[in-house]
Structures are given as structure tokens and as C-alpha cells.
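Structure file query.csv (CSV, C-alpha atoms) follows.
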```csv
chain,number,residue,atom,x,y,z
A,1,MET,CA,-43.3,12.8,2.1
A,2,LYS,CA,-41.2,14.0,5.0
A,3,LEU,CA,-38.0,12.6,6.2
A,4,ALA,CA,-37.6,11.8,9.9
A,5,ASP,CA,-35.8,14.1,12.3
A,6,ASP,CA,-33.0,11.5,12.6
A,7,PHE,CA,-32.1,12.0,8.9
A,8,TYR,CA,-31.4,15.7,9.4
A,9,GLN,CA,-29.5,15.1,12.6
A,10,ARG,CA,-27.2,12.7,10.9
A,11,ILE,CA,-26.6,15.1,8.0
A,12,GLN,CA,-26.0,18.1,10.2
A,13,ASP,CA,-23.6,16.1,12.4
A,14,ARG,CA,-21.5,15.2,9.3
A,15,VAL,CA,-21.5,18.9,8.2
A,16,ARG,CA,-20.2,20.0,11.5
A,17,ALA,CA,-17.5,17.4,11.4
A,18,ARG,CA,-16.4,18.6,8.0
A,19,LEU,CA,-16.4,22.2,9.1
A,20,ALA,CA,-14.0,21.3,12.0
A,21,GLU,CA,-11.8,19.3,9.6
A,22,ASP,CA,-11.6,22.2,7.1
A,23,GLU,CA,-11.2,24.8,9.9
A,24,LEU,CA,-14.3,26.7,8.8
A,25,ASP,CA,-16.4,28.7,11.4
A,26,GLY,CA,-19.5,28.0,9.5
A,27,LEU,CA,-21.3,27.6,6.2
A,28,ILE,CA,-23.6,30.0,4.3
A,29,VAL,CA,-26.0,28.0,2.2
A,30,THR,CA,-28.0,29.5,-0.7
A,31,VAL,CA,-28.7,26.7,-3.2
A,32,PRO,CA,-32.3,25.5,-2.8
A,33,GLY,CA,-31.4,21.9,-3.0
A,34,ASP,CA,-28.7,22.3,-0.3
A,35,VAL,CA,-31.2,24.1,1.9
A,36,ALA,CA,-33.7,21.3,1.5
A,37,TYR,CA,-31.1,18.7,2.1
A,38,LEU,CA,-29.7,20.2,5.3
A,39,ILE,CA,-32.9,21.5,7.1
A,40,GLY,CA,-35.9,20.2,5.1
A,41,PHE,CA,-37.1,23.6,3.8
A,42,PHE,CA,-38.6,23.4,0.3
A,43,TYR,CA,-39.6,26.8,-1.2
A,44,ALA,CA,-40.5,28.6,-4.4
A,45,VAL,CA,-37.4,30.3,-5.7
A,46,THR,CA,-37.8,34.0,-6.5
A,47,GLU,CA,-35.6,37.1,-6.5
A,48,ARG,CA,-35.9,37.0,-2.7
A,49,PRO,CA,-32.8,35.1,-1.4
A,50,VAL,CA,-32.9,32.5,1.4
A,51,TYR,CA,-29.7,32.3,3.5
A,52,LEU,CA,-29.1,29.4,5.7
A,53,TRP,CA,-26.3,29.8,8.3
A,54,PHE,CA,-24.9,26.7,9.7
A,55,GLY,CA,-22.1,27.2,12.4
A,56,ARG,CA,-19.5,24.8,13.6
A,57,ASP,CA,-20.4,26.0,17.1
A,58,GLY,CA,-24.0,24.6,16.7
A,59,SER,CA,-25.7,27.8,15.7
A,60,ARG,CA,-28.1,27.5,12.8
A,61,PHE,CA,-30.8,29.7,11.4
A,62,ALA,CA,-32.6,30.3,8.1
A,63,LEU,CA,-33.0,33.9,7.0
A,64,LEU,CA,-36.2,34.0,4.9
A,65,PRO,CA,-38.4,36.7,3.4
A,66,GLU,CA,-41.2,37.2,5.9
A,67,LEU,CA,-43.9,35.9,3.5
A,68,ASP,CA,-42.2,32.4,3.6
A,69,ALA,CA,-41.9,32.2,7.4
A,70,GLU,CA,-45.3,30.6,8.0
A,71,TYR,CA,-44.8,28.0,5.3
A,72,ALA,CA,-41.3,27.1,6.7
A,73,ALA,CA,-42.7,26.7,10.2
A,74,ALA,CA,-45.4,24.4,8.8
A,75,GLN,CA,-42.7,22.2,7.2
A,76,GLY,CA,-41.0,21.9,10.6
A,77,VAL,CA,-37.6,23.0,9.3
A,78,HIS,CA,-34.6,21.9,11.3
A,79,ALA,CA,-33.2,25.4,12.0
A,80,ASP,CA,-34.4,28.6,13.7
A,81,ILE,CA,-36.3,31.0,11.5
A,82,ARG,CA,-35.3,34.6,11.1
A,83,THR,CA,-36.9,37.0,8.6
A,84,TYR,CA,-36.4,40.1,6.6
A,85,PHE,CA,-39.5,42.0,5.2
A,86,GLU,CA,-38.9,42.5,1.5
A,87,TYR,CA,-36.5,42.6,-1.3
A,88,PRO,CA,-34.4,44.6,-2.1
A,89,GLY,CA,-35.2,46.4,1.2
A,90,VAL,CA,-33.8,49.5,2.8
A,91,ARG,CA,-31.3,47.1,4.4
A,92,THR,CA,-30.4,44.3,2.1
A,93,PRO,CA,-30.9,40.6,3.0
A,94,GLU,CA,-27.2,40.3,3.3
A,95,GLN,CA,-27.1,43.1,5.9
A,96,HIS,CA,-29.9,41.4,7.8
A,97,LEU,CA,-27.8,38.2,7.7
A,98,ALA,CA,-24.8,40.2,9.2
A,99,ASP,CA,-27.1,41.6,11.9
A,100,GLU,CA,-28.3,38.1,12.9
A,101,LEU,CA,-24.8,36.8,13.0
A,102,ALA,CA,-23.6,39.7,15.1
A,103,LYS,CA,-26.4,38.9,17.7
A,104,SER,CA,-25.2,35.3,18.0
A,105,GLY,CA,-21.6,36.2,18.6
A,106,THR,CA,-20.5,33.5,16.3
A,107,PRO,CA,-16.9,33.4,15.1
A,108,LEU,CA,-16.8,34.6,11.4
A,109,ALA,CA,-13.2,34.5,10.3
A,110,ARG,CA,-13.6,31.7,7.7
A,111,ILE,CA,-17.0,31.0,6.2
A,112,GLY,CA,-17.6,28.3,3.7
A,113,VAL,CA,-19.8,28.9,0.6
A,114,SER,CA,-21.0,26.8,-2.3
A,115,SER,CA,-19.3,27.0,-5.7
A,116,ALA,CA,-22.8,27.8,-7.0
A,117,LEU,CA,-22.9,31.1,-5.2
A,118,THR,CA,-23.3,33.9,-7.8
A,119,ILE,CA,-20.7,36.6,-8.2
A,120,GLY,CA,-23.3,39.2,-7.3
A,121,ALA,CA,-24.4,37.3,-4.1
A,122,GLN,CA,-20.8,36.9,-3.0
A,123,ALA,CA,-20.0,40.6,-3.5
A,124,ALA,CA,-23.1,41.5,-1.4
A,125,LEU,CA,-21.9,39.1,1.4
A,126,VAL,CA,-18.4,40.6,1.3
A,127,ASP,CA,-19.9,44.1,1.7
A,128,ALA,CA,-22.0,43.0,4.6
A,129,LEU,CA,-19.3,40.9,6.3
A,130,PRO,CA,-16.0,42.7,5.4
A,131,SER,CA,-14.0,41.0,8.1
A,132,SER,CA,-14.8,37.5,7.0
A,133,SER,CA,-13.0,35.4,4.4
A,134,PHE,CA,-15.3,33.3,2.1
A,135,ILE,CA,-13.9,29.9,1.1
A,136,ARG,CA,-15.4,27.8,-1.6
A,137,THR,CA,-16.3,24.3,-0.2
A,138,ARG,CA,-17.7,21.0,-1.5
A,139,ILE,CA,-19.0,19.9,1.9
A,140,LEU,CA,-22.6,19.6,0.8
A,141,SER,CA,-22.0,18.4,-2.7
A,142,ASP,CA,-19.7,15.7,-1.4
A,143,LEU,CA,-22.3,14.5,1.1
A,144,ARG,CA,-25.1,14.5,-1.5
A,145,LEU,CA,-23.2,12.1,-3.7
A,146,ARG,CA,-24.3,9.1,-1.6
A,147,LYS,CA,-27.9,8.7,-0.7
A,148,GLU,CA,-29.2,7.7,2.8
A,149,PRO,CA,-31.5,4.6,3.0
A,150,GLU,CA,-34.5,6.9,3.6
A,151,GLU,CA,-33.7,8.9,0.4
A,152,ILE,CA,-33.3,5.7,-1.6
A,153,GLU,CA,-36.8,4.6,-0.6
A,154,LEU,CA,-38.2,8.0,-1.9
A,155,HIS,CA,-36.3,7.4,-5.2
A,156,ARG,CA,-37.9,4.0,-5.5
A,157,GLN,CA,-41.3,5.4,-5.0
A,158,ALA,CA,-40.6,8.1,-7.6
A,159,ALA,CA,-39.4,5.4,-10.0
A,160,ASP,CA,-42.8,3.6,-9.7
A,161,VAL,CA,-44.6,6.8,-10.6
A,162,CYS,CA,-42.3,7.5,-13.5
A,163,ASP,CA,-42.8,4.0,-14.9
A,164,GLU,CA,-46.6,4.5,-14.6
A,165,MET,CA,-46.2,7.7,-16.6
A,166,LEU,CA,-44.6,5.8,-19.4
A,167,GLY,CA,-47.5,3.4,-19.4
A,168,ALA,CA,-50.0,6.2,-19.4
A,169,GLY,CA,-48.3,7.8,-22.5
A,170,ARG,CA,-48.3,4.6,-24.4
A,171,ALA,CA,-52.0,4.0,-23.5
A,172,LEU,CA,-53.0,7.4,-24.9
A,173,ILE,CA,-51.4,6.5,-28.2
A,174,GLU,CA,-52.9,3.1,-28.3
A,175,ALA,CA,-56.4,4.5,-27.5
A,176,ALA,CA,-56.0,6.9,-30.4
A,177,LEU,CA,-55.0,4.1,-32.8
A,178,ARG,CA,-58.0,2.0,-31.7
A,179,SER,CA,-60.4,4.8,-32.2
A,180,GLY,CA,-59.1,5.6,-35.7
A,181,GLY,CA,-58.9,9.2,-34.9
A,182,PRO,CA,-55.8,11.5,-35.1
A,183,LEU,CA,-52.8,10.6,-32.9
A,184,PRO,CA,-51.8,13.2,-30.2
A,185,THR,CA,-49.3,15.9,-30.9
A,186,GLU,CA,-46.0,15.9,-29.0
A,187,GLY,CA,-47.3,18.8,-26.8
A,188,GLU,CA,-50.6,17.0,-26.0
A,189,LEU,CA,-48.8,13.8,-25.1
A,190,ALA,CA,-46.4,15.7,-22.9
A,191,ARG,CA,-49.2,17.5,-21.0
A,192,ALA,CA,-51.0,14.2,-20.5
A,193,VAL,CA,-48.1,12.4,-19.0
A,194,ILE,CA,-47.0,15.3,-16.8
A,195,GLY,CA,-50.6,15.7,-15.6
A,196,PHE,CA,-50.9,12.0,-14.9
A,197,GLY,CA,-47.7,12.0,-12.8
A,198,THR,CA,-48.6,15.1,-10.9
A,199,ASP,CA,-52.1,13.7,-10.1
A,200,ARG,CA,-50.5,10.4,-8.9
A,201,MET,CA,-48.4,12.4,-6.4
A,202,TYR,CA,-51.3,14.2,-4.9
A,203,GLU,CA,-53.4,11.0,-4.7
A,204,ARG,CA,-50.7,9.1,-2.8
A,205,TYR,CA,-49.1,11.7,-0.5
A,206,SER,CA,-50.6,14.1,1.9
A,207,HIS,CA,-47.5,16.2,2.2
A,208,VAL,CA,-46.2,17.1,-1.3
A,209,ILE,CA,-42.8,19.0,-1.4
A,210,TYR,CA,-40.4,19.7,-4.2
A,211,THR,CA,-37.5,22.0,-5.2
A,212,THR,CA,-38.4,22.3,-8.9
A,213,LYS,CA,-41.2,20.0,-10.1
A,214,LEU,CA,-43.2,16.9,-9.2
A,215,ALA,CA,-43.3,15.4,-12.7
A,216,GLY,CA,-41.9,16.4,-16.1
A,217,GLY,CA,-41.8,15.1,-19.6
A,218,LEU,CA,-40.2,15.7,-22.9
A,219,VAL,CA,-41.7,14.1,-26.0
A,220,TYR,CA,-39.9,13.8,-29.3
A,221,ALA,CA,-41.2,11.9,-32.4
A,222,GLY,CA,-39.9,11.3,-35.9
A,223,PRO,CA,-37.2,13.9,-37.0
A,224,ASN,CA,-37.7,15.9,-33.8
A,225,ALA,CA,-36.4,13.0,-31.8
A,226,ALA,CA,-32.9,13.7,-33.3
A,227,ARG,CA,-32.8,16.8,-31.0
A,228,PRO,CA,-32.0,15.5,-27.5
A,229,HIS,CA,-33.1,18.7,-25.6
A,230,GLY,CA,-35.8,20.0,-28.0
A,231,LEU,CA,-39.1,20.9,-26.5
A,232,PRO,CA,-42.4,19.1,-27.5
A,233,SER,CA,-43.9,20.7,-30.6
A,234,ARG,CA,-47.3,20.9,-32.3
A,235,ARG,CA,-46.2,18.1,-34.6
A,236,ARG,CA,-48.7,15.2,-34.6
A,237,LEU,CA,-47.4,11.7,-34.1
A,238,GLU,CA,-47.6,9.4,-37.1
A,239,ILE,CA,-47.5,5.7,-37.8
A,240,GLY,CA,-43.9,4.8,-38.6
A,241,ASP,CA,-42.5,7.3,-36.1
A,242,THR,CA,-39.7,6.6,-33.6
A,243,LEU,CA,-40.9,8.2,-30.3
A,244,ILE,CA,-38.8,9.1,-27.2
A,245,LEU,CA,-40.7,9.6,-24.0
A,246,SER,CA,-38.3,11.3,-21.6
A,247,LEU,CA,-40.0,11.4,-18.2
A,248,GLY,CA,-39.1,12.4,-14.6
A,249,ALA,CA,-40.8,12.4,-11.3
A,250,ALA,CA,-39.8,13.3,-7.7
A,251,VAL,CA,-41.1,12.1,-4.3
A,252,GLY,CA,-39.9,14.2,-1.4
A,253,SER,CA,-37.9,16.0,-4.1
A,254,ARG,CA,-35.9,12.9,-4.7
A,255,PHE,CA,-35.8,12.5,-8.5
A,256,VAL,CA,-35.7,9.7,-11.0
A,257,GLU,CA,-35.7,9.6,-14.8
A,258,SER,CA,-37.2,6.9,-16.9
A,259,GLU,CA,-36.9,7.2,-20.7
A,260,ARG,CA,-38.0,4.8,-23.4
A,261,THR,CA,-37.9,4.7,-27.2
A,262,PHE,CA,-41.1,3.4,-28.9
A,263,VAL,CA,-41.9,2.7,-32.6
A,264,ILE,CA,-45.4,3.3,-33.8
A,265,GLY,CA,-46.3,0.5,-36.2
A,266,GLU,CA,-44.0,-2.2,-37.7
A,267,PRO,CA,-40.3,-1.2,-37.2
A,268,SER,CA,-38.2,-0.8,-40.4
A,269,ALA,CA,-34.8,-2.5,-40.7
A,270,ALA,CA,-33.1,0.8,-40.0
A,271,GLN,CA,-35.2,1.4,-36.8
A,272,ARG,CA,-34.3,-2.1,-35.6
A,273,ALA,CA,-30.6,-1.6,-36.2
A,274,TYR,CA,-30.5,1.8,-34.5
A,275,PHE,CA,-32.6,0.6,-31.6
A,276,ASP,CA,-30.4,-2.5,-31.1
A,277,VAL,CA,-27.2,-0.4,-30.8
A,278,ALA,CA,-28.9,2.0,-28.3
A,279,LEU,CA,-30.2,-0.9,-26.2
A,280,ARG,CA,-26.8,-2.7,-26.1
A,281,ALA,CA,-25.0,0.5,-25.1
A,282,GLN,CA,-27.4,1.1,-22.3
A,283,GLU,CA,-27.2,-2.4,-21.0
A,284,ILE,CA,-23.4,-2.5,-21.1
A,285,GLY,CA,-23.1,1.0,-19.6
A,286,THR,CA,-25.6,0.1,-16.8
A,287,GLN,CA,-23.8,-3.1,-15.9
A,288,ALA,CA,-20.5,-1.1,-15.7
A,289,MET,CA,-21.8,1.1,-12.9
A,290,THR,CA,-20.0,-0.9,-10.2
A,291,VAL,CA,-18.3,0.2,-7.0
A,292,GLY,CA,-14.7,1.2,-7.6
A,293,ARG,CA,-15.1,2.2,-11.3
A,294,THR,CA,-14.7,5.8,-12.3
A,295,CYS,CA,-17.4,7.8,-14.0
A,296,ALA,CA,-15.0,8.4,-16.9
A,297,SER,CA,-14.3,4.7,-17.5
A,298,VAL,CA,-18.0,3.7,-17.3
A,299,ASN,CA,-18.8,6.4,-19.9
A,300,THR,CA,-16.1,5.3,-22.2
A,301,GLU,CA,-17.1,1.7,-22.1
A,302,CYS,CA,-20.7,2.6,-22.7
A,303,LEU,CA,-20.2,5.0,-25.6
A,304,ASP,CA,-17.6,2.7,-27.2
A,305,VAL,CA,-20.5,0.3,-28.0
A,306,ILE,CA,-22.0,3.1,-30.3
A,307,ARG,CA,-18.6,3.9,-31.8
A,308,ASP,CA,-17.8,0.3,-32.5
A,309,ALA,CA,-21.1,0.0,-34.4
A,310,GLY,CA,-19.9,2.8,-36.7
A,311,LEU,CA,-22.4,5.3,-35.2
A,312,GLY,CA,-20.0,7.5,-33.2
A,313,GLY,CA,-20.9,10.5,-35.3
A,314,TYR,CA,-24.4,10.3,-33.9
A,315,ILE,CA,-23.4,10.7,-30.2
A,316,ARG,CA,-24.6,14.0,-28.8
A,317,HIS,CA,-24.0,13.6,-25.0
A,318,ARG,CA,-22.4,11.7,-22.2
A,319,GLN,CA,-23.9,8.4,-20.8
A,320,GLY,CA,-25.5,10.0,-17.7
A,321,HIS,CA,-25.3,12.0,-14.5
A,322,GLY,CA,-26.1,11.9,-10.8
A,323,ILE,CA,-29.7,12.2,-9.6
A,324,GLY,CA,-30.9,13.3,-6.2
A,325,ILE,CA,-32.6,16.4,-4.9
A,326,ALA,CA,-31.8,17.9,-8.2
A,327,GLN,CA,-32.7,16.1,-11.4
A,328,HIS,CA,-29.1,16.7,-12.6
A,329,GLU,CA,-26.3,16.7,-10.1
A,330,ALA,CA,-22.9,15.3,-9.5
A,331,PRO,CA,-21.3,13.0,-10.3
A,332,TRP,CA,-21.2,13.2,-14.1
A,333,VAL,CA,-20.9,10.0,-16.1
A,334,GLU,CA,-18.6,11.6,-18.6
A,335,ASP,CA,-14.9,11.3,-19.7
A,336,GLY,CA,-13.9,14.3,-17.7
A,337,ASP,CA,-15.2,13.1,-14.3
A,338,PRO,CA,-12.8,10.9,-12.3
A,339,THR,CA,-15.3,10.4,-9.4
A,340,VAL,CA,-15.1,6.8,-8.1
A,341,LEU,CA,-18.5,5.1,-7.8
A,342,ALA,CA,-19.6,4.2,-4.3
A,343,PRO,CA,-22.6,2.5,-2.8
A,344,GLY,CA,-25.6,4.8,-2.4
A,345,MET,CA,-24.9,6.8,-5.6
A,346,ILE,CA,-27.9,7.1,-8.0
A,347,LEU,CA,-27.0,7.7,-11.7
A,348,SER,CA,-28.9,8.0,-14.9
A,349,SER,CA,-27.8,5.6,-17.7
A,350,GLU,CA,-29.0,7.2,-20.9
A,351,PRO,CA,-26.7,6.8,-23.9
A,352,GLY,CA,-28.4,7.9,-27.1
A,353,ILE,CA,-27.9,8.1,-30.8
A,354,TYR,CA,-29.4,10.9,-32.9
A,355,ILE,CA,-29.7,10.7,-36.7
A,356,PRO,CA,-30.6,14.1,-38.3
A,357,GLY,CA,-33.7,13.9,-40.4
A,358,HIS,CA,-34.7,10.5,-39.1
A,359,ALA,CA,-35.0,10.1,-35.3
A,360,GLY,CA,-33.3,9.6,-32.0
A,361,TYR,CA,-33.0,6.5,-29.9
A,362,ARG,CA,-32.4,6.8,-26.1
A,363,ILE,CA,-33.2,4.4,-23.3
A,364,SER,CA,-32.7,5.6,-19.7
A,365,ASP,CA,-32.9,4.1,-16.3
A,366,SER,CA,-32.1,5.5,-12.8
A,367,VAL,CA,-29.5,3.2,-11.4
A,368,LEU,CA,-28.5,2.6,-7.7
A,369,VAL,CA,-24.9,1.7,-7.2
A,370,THR,CA,-24.7,-1.1,-4.6
A,371,ALA,CA,-22.0,-3.4,-3.2
A,372,ASP,CA,-23.7,-6.2,-5.1
A,373,GLY,CA,-23.8,-4.4,-8.4
A,374,PRO,CA,-26.0,-1.9,-10.2
A,375,GLN,CA,-29.7,-2.0,-9.5
A,376,ARG,CA,-32.2,-0.4,-11.8
A,377,LEU,CA,-34.9,1.6,-9.9
A,378,THR,CA,-36.9,2.2,-13.1
A,379,ARG,CA,-38.2,-1.1,-14.5
A,380,TYR,CA,-40.4,-0.3,-17.5
A,381,PRO,CA,-39.7,-2.8,-20.4
A,382,ARG,CA,-36.8,-1.8,-22.6
A,383,THR,CA,-36.8,-4.0,-25.7
A,384,LEU,CA,-38.1,-3.1,-29.1
A,385,GLU,CA,-40.5,-6.0,-29.1
A,386,GLU,CA,-42.1,-4.7,-25.9
A,387,ASN,CA,-42.1,-1.1,-27.0
A,388,THR,CA,-43.5,-1.5,-30.5
A,389,ILE,CA,-47.0,0.1,-30.5
A,390,ALA,CA,-48.9,-2.0,-33.0
```

Give the structure from the file, written as C-alpha cells.
Amino acid sequence: MKLADDFYQRIQDRVRARLAEDELDGLIVTVPGDVAYLIGFFYAVTERPVYLWFGRDGSRFALLPELDAEYAAAQGVHADIRTYFEYPGVRTPEQHLADELAKSGTPLARIGVSSALTIGAQAALVDALPSSSFIRTRILSDLRLRKEPEEIELHRQAADVCDEMLGAGRALIEAALRSGGPLPTEGELARAVIGFGTDRMYERYSHVIYTTKLAGGLVYAGPNAARPHGLPSRRRLEIGDTLILSLGAAVGSRFVESERTFVIGEPSAAQRAYFDVALRAQEIGTQAMTVGRTCASVNTECLDVIRDAGLGGYIRHRQGHGIGIAQHEAPWVEDGDPTVLAPGMILSSEPGIYIPGHAGYRISDSVLVTADGPQRLTRYPRTLEENTIA
């Protein structure tokens, strides 16, 4: 999926306005997500850097390794294309960047850079442009907080794919139960749902682009589910397991997450109790995502549900985070983030509880903040009754 020219024109106009406001001559962009956001160039990240120059005077060009130039042109990127041959090169990419800037005659006294610029990259830029001052700026990260209508539509389409992936994972388990054969391993289930989601993308879209991945999945069952960021293992699912399917998908590199907790077989009293707390926390935390609230206050209200149930010792992470071109991006729904929620933000709502030796319980939706209240983009059923695999 490609966004229309008008989207990029609006974004670039806003960037120029911010450059003027902050008295910056231009912006050097290196973060792949920022490059994609500003000019629509999606590329494989390697050791070869991509530098996007965006000047307040209207100059703009992307300096790319030569082997990426044809692909960039095919994508119709919204900037001129300049190239260097290889990395590290007799002349470094940063020296090539300085050469191109010198040709344009662009003022270079004050240049904005992202806070994500590495120390090494900044040192190379200082060496290549010794008369310039480099100023850390949040211009692009601020703009990316609130999604444009066209982006929201891509998030909605990704949510549909993500929910279908949950259904496909459940169907695989149910088919194994019906056959009387062995249940899949965590790794087999992860591969199946990721493959399903990726195939869906190529079936539906003629132009597939992404900054990191089209579809992803983490599968945790039984005691492994108590490790929030563990990788799927060779452990085979068992009747009686608590199972977390943690899935993500991206359309036009606009991500969503949809995570559900399932129980295979009749739930025990303990499974019912833990699930109920996780579900209530997720519901209260989601409904708290309203315009004017701070991320910190929403997180506190959500996680207090778990603490009030006497399970605070099983909290391992915040309620959620922003989602956009990156699967994890600002704002952060955590006690340390004072960001005020505004219409157009998309956040994950994913409180969890993790009981060592037993299992974990996490339910996650991707939530759009609107003037009329929070709106779940992911809609797969959430209750224990609906997610018990008989």
C-alpha cells in the first residue's frame, strides 16, 4: 500500500514550519522509520547508511548506496536521489553528504538530528561538516505521535490481518485436538501464524513495503508464558496449558498488535482467577485512554487493578506503548511519561501478570485515541469463555 502524494506534502510542510520555528537550517534524517515517514522510502537496513537531507529552504535529497537507487526510484520517493558507490568507501558516506550539500549552497550553520543518531555517526558528520552545529531535535518524533487519517486506515487493515492470525493459530490447535495427534510446539505455532499473516499481505496488496517485518508472532505456553519476552521454544503445547499468542502485523509499515490468552481444556480455578484480573485491568486501562489524560495516569490506573487484586508482585512491565511505523514508538504508557493523550494517537493496551512456574496472562489491543473516546482497532474476542479451546 502506498500513501498518496498529498500525505507526504502535508508532512513535509509541517517539518519546514518546525525548522523555521526552531531556527534550524535543515534536518539530517537517518532512522529508517523517519525516512519512510518523510519521503516514503522503505529499505533493507544494512551497514550502508542512508542520509536524508531536508532543508528549510526547500532542498531535499536522499543519499543512498548505489545498489538501492533503482528500488528507491521504483517506490517514487518524495525527494531527489543521490548515491555513493559502496561502504566504507575511499570517501565516506558522510563526506559524500558534505559534497552534495556544498553543491546546493544550502546554509548549514544549525542542523537538526534525531536523538537516535549514534555517537559514531554523529562523530563522522562532525568530521565531514566541521563548520556546522548539530542540534538534537524531536521534530519527527513529535509529528509521528498523531496519525493522519490515511495512516489510521492502514492500521485498521493491519488489525484485520492480525485478528485473522489469532484465528488461524487457534484453528491449528483445534485441528490437532480433533485429530487426536500431538499438539504443535510453540515454534511450530509461531511459524504457522507468521506465515499465515505474511501470505495474507501478499494476497491482498500488490505493493508490499515495510521497515522491519510484515507479520510477527511470539508464542508462550504453560510455564514459558511467565516470561514476557521469551522466544518460542520446542516445548509442545499440552491440554491444561495457558497460552499467549502475541501477534503483530503491518500494512504500509503501519503496525498493530493483537494478543490474546487462551486456555487449552477446562480452565482451573486459578486460571479463571488470574485471567479475570488480567481482563479487568486491560478493560479499565483501555477505557482510560482518553483525550487529555497523561500516559502516566493511565498506566497507574490500569496497573492498580492488578495491585488491588494482590498480584502486584507479578507485574513485569508497563501497560503499553505507542504504535506507528515502528512496532514500539512514543508515547510510552508508563509512570515516567507525562505525554498528554491526543486524537490520532495509537497505543497498545497490554497489561499482564506473570506467575513463575505457572503461566502468564496478557490481553492486548491496539487502541486509537479519538475525541469520542478510545476505539479498539483489534477486535478478536477477549473473554475466557470465548478463548477456552475445548

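Using all atoms listed in the file for every distance, the candidate list A:Ala123, A:Val277, A:Ala36, A:Ile239 yields A:Ala36 as the residue closest to A:Lys2.
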
Counting only C-alpha atoms, which of A:Leu166, A:Ile28, A:Val50, A:Leu143 gets nearest to A:Leu189?
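Smallest separation from A:Leu189 among the options: A:Leu166.
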
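Proximity ranking of A:Glu164, A:Asp68, A:Asp13, A:Glu186 relative to A:Asp199 places A:Glu164 first, based on all atoms listed in the file.
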
In Å, rounded to a single decimal, give me how far atom CA of A:His155 is from atom CA of A:Leu52.
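Separation between atom CA of A:Leu52 and atom CA of A:His155: 25.6 Å.
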
Pull the neighbourhood of (-32.2, 25.1, -0.4) for me: all residues within 12 Å in file coordinates, counting only C-alpha atoms, as a count of residues only.
37

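Our summary of the geometry notes that atom CA of A:Ser349 is positioned 5.7 Å from atom CA of A:Gln319.
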
Pick out the closest residue to A:Pro223 from this set: A:Gly312, A:Pro267, A:Pro351, A:Gly360. Count all atoms listed in the file.
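Closest to A:Pro223 of all the choices is A:Gly360.
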
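Checking A:Ala158, A:Leu311, A:Ile111, A:Val15 one by one against A:Ser131, counting only C-alpha atoms, you find the shortest gap at A:Ile111.
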
If I take atom CA of A:Asp335 and atom CA of A:Glu257, how far is one from the other in Å, to one decimal?
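Distance between the two atoms: 21.4 Å.
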
All residues 6 Å or closer to A:Thr137, all atoms listed in the file, same chain fewer than 2 positions away omitted, as an MDAnalysis selection string:
chainID A and resid 112:114 139

Counting all atoms listed in the file, the residue of A:Gly313, A:Gly195, A:Pro149, A:Gly324 that sits nearest A:Phe7:
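Between A:Gly313, A:Gly195, A:Pro149, A:Gly324, the residue approaching A:Phe7 most closely is A:Pro149.
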
For a cut-off of 12 Å around (-55.8, 13.5, -39.2), file coordinates, pick out all residues using all atoms listed in the file and list them as a list in words.
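Selection result: Ala176, Leu177, Gly180, Gly181, Pro182, Leu183, Pro184, Thr185, Arg235, Arg236, Leu237, Glu238 and Ile239 of chain A.
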
Those same residues, written as a compact mmCIF listing (two decimals), in the frame of the given file with C-alpha atoms?
```
# COMPACT_ATOMS: atom_id res chain seq x y z
CA ALA A 176 -56.00 6.90 -30.40
CA LEU A 177 -55.00 4.10 -32.80
CA GLY A 180 -59.10 5.60 -35.70
CA GLY A 181 -58.90 9.20 -34.90
CA PRO A 182 -55.80 11.50 -35.10
CA LEU A 183 -52.80 10.60 -32.90
CA PRO A 184 -51.80 13.20 -30.20
CA THR A 185 -49.30 15.90 -30.90
CA ARG A 235 -46.20 18.10 -34.60
CA ARG A 236 -48.70 15.20 -34.60
CA LEU A 237 -47.40 11.70 -34.10
CA GLU A 238 -47.60 9.40 -37.10
CA ILE A 239 -47.50 5.70 -37.80
```

Surrounding residues of A:Cys295 excluding itself and chain neighbours under 6 positions, 10 Å, all atoms listed in the file, as a PDB file with C-alpha atoms, in the coordinates of the input:
```
ATOM      1  CA  ALA A 288     -20.500  -1.100 -15.700  1.00  0.00           C
ATOM      2  CA  MET A 289     -21.800   1.100 -12.900  1.00  0.00           C
ATOM      3  CA  GLN A 319     -23.900   8.400 -20.800  1.00  0.00           C
ATOM      4  CA  GLY A 320     -25.500  10.000 -17.700  1.00  0.00           C
ATOM      5  CA  HIS A 321     -25.300  12.000 -14.500  1.00  0.00           C
ATOM      6  CA  PRO A 331     -21.300  13.000 -10.300  1.00  0.00           C
ATOM      7  CA  TRP A 332     -21.200  13.200 -14.100  1.00  0.00           C
ATOM      8  CA  VAL A 333     -20.900  10.000 -16.100  1.00  0.00           C
ATOM      9  CA  GLU A 334     -18.600  11.600 -18.600  1.00  0.00           C
ATOM     10  CA  ASP A 335     -14.900  11.300 -19.700  1.00  0.00           C
ATOM     11  CA  GLY A 336     -13.900  14.300 -17.700  1.00  0.00           C
ATOM     12  CA  ASP A 337     -15.200  13.100 -14.300  1.00  0.00           C
ATOM     13  CA  PRO A 338     -12.800  10.900 -12.300  1.00  0.00           C
ATOM     14  CA  THR A 339     -15.300  10.400  -9.400  1.00  0.00           C
ATOM     15  CA  VAL A 340     -15.100   6.800  -8.100  1.00  0.00           C
ATOM     16  CA  LEU A 341     -18.500   5.100  -7.800  1.00  0.00           C
ATOM     17  CA  LEU A 347     -27.000   7.700 -11.700  1.00  0.00           C
TER      18      LEU A 347
END
```

Shell around stretch 371-377 of chain A at 6 Å using all atoms listed in the file, local window under 5 positions removed, as a short mmCIF file (atom, residue, chain, number, x, y, z; two decimals) with C-alpha atoms, keeping the file's coordinate frame:
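Output below, filename around25.cif:
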```
data_model
loop_
_atom_site.label_atom_id
_atom_site.label_comp_id
_atom_site.auth_asym_id
_atom_site.auth_seq_id
_atom_site.Cartn_x
_atom_site.Cartn_y
_atom_site.Cartn_z
CA ARG A 156 -37.90 4.00 -5.50
CA ALA A 159 -39.40 5.40 -10.00
CA MET A 289 -21.80 1.10 -12.90
CA THR A 290 -20.00 -0.90 -10.20
CA PRO A 343 -22.60 2.50 -2.80
CA SER A 366 -32.10 5.50 -12.80
#
```

Kindly provide the residues of stretch 121-233 of chain A that approach stretch 89-103 of chain A to within 9 Å, each paired with its closest atom pair and their distance in Å to one decimal, based on all atoms listed in the file, listed by chain and increasing number, as a Markdown table.
```
| residue | atom | partner | partner_atom | distance |
| --- | --- | --- | --- | --- |
| A:Ala121 | CA | A:Glu94 | CA | 8.5 |
| A:Ala124 | CA | A:Glu94 | CA | 6.4 |
| A:Leu125 | CA | A:Glu94 | CA | 5.8 |
| A:Asp127 | CA | A:Glu94 | CA | 8.4 |
| A:Ala128 | CA | A:Gln95 | CA | 5.3 |
| A:Leu129 | CA | A:Ala98 | CA | 6.3 |
```

Contacts of A:Leu145 at 8 Å (all atoms listed in the file; same-chain gap of 6+ positions) as a ChimeraX atom specification
/A:322,330-331,344-345
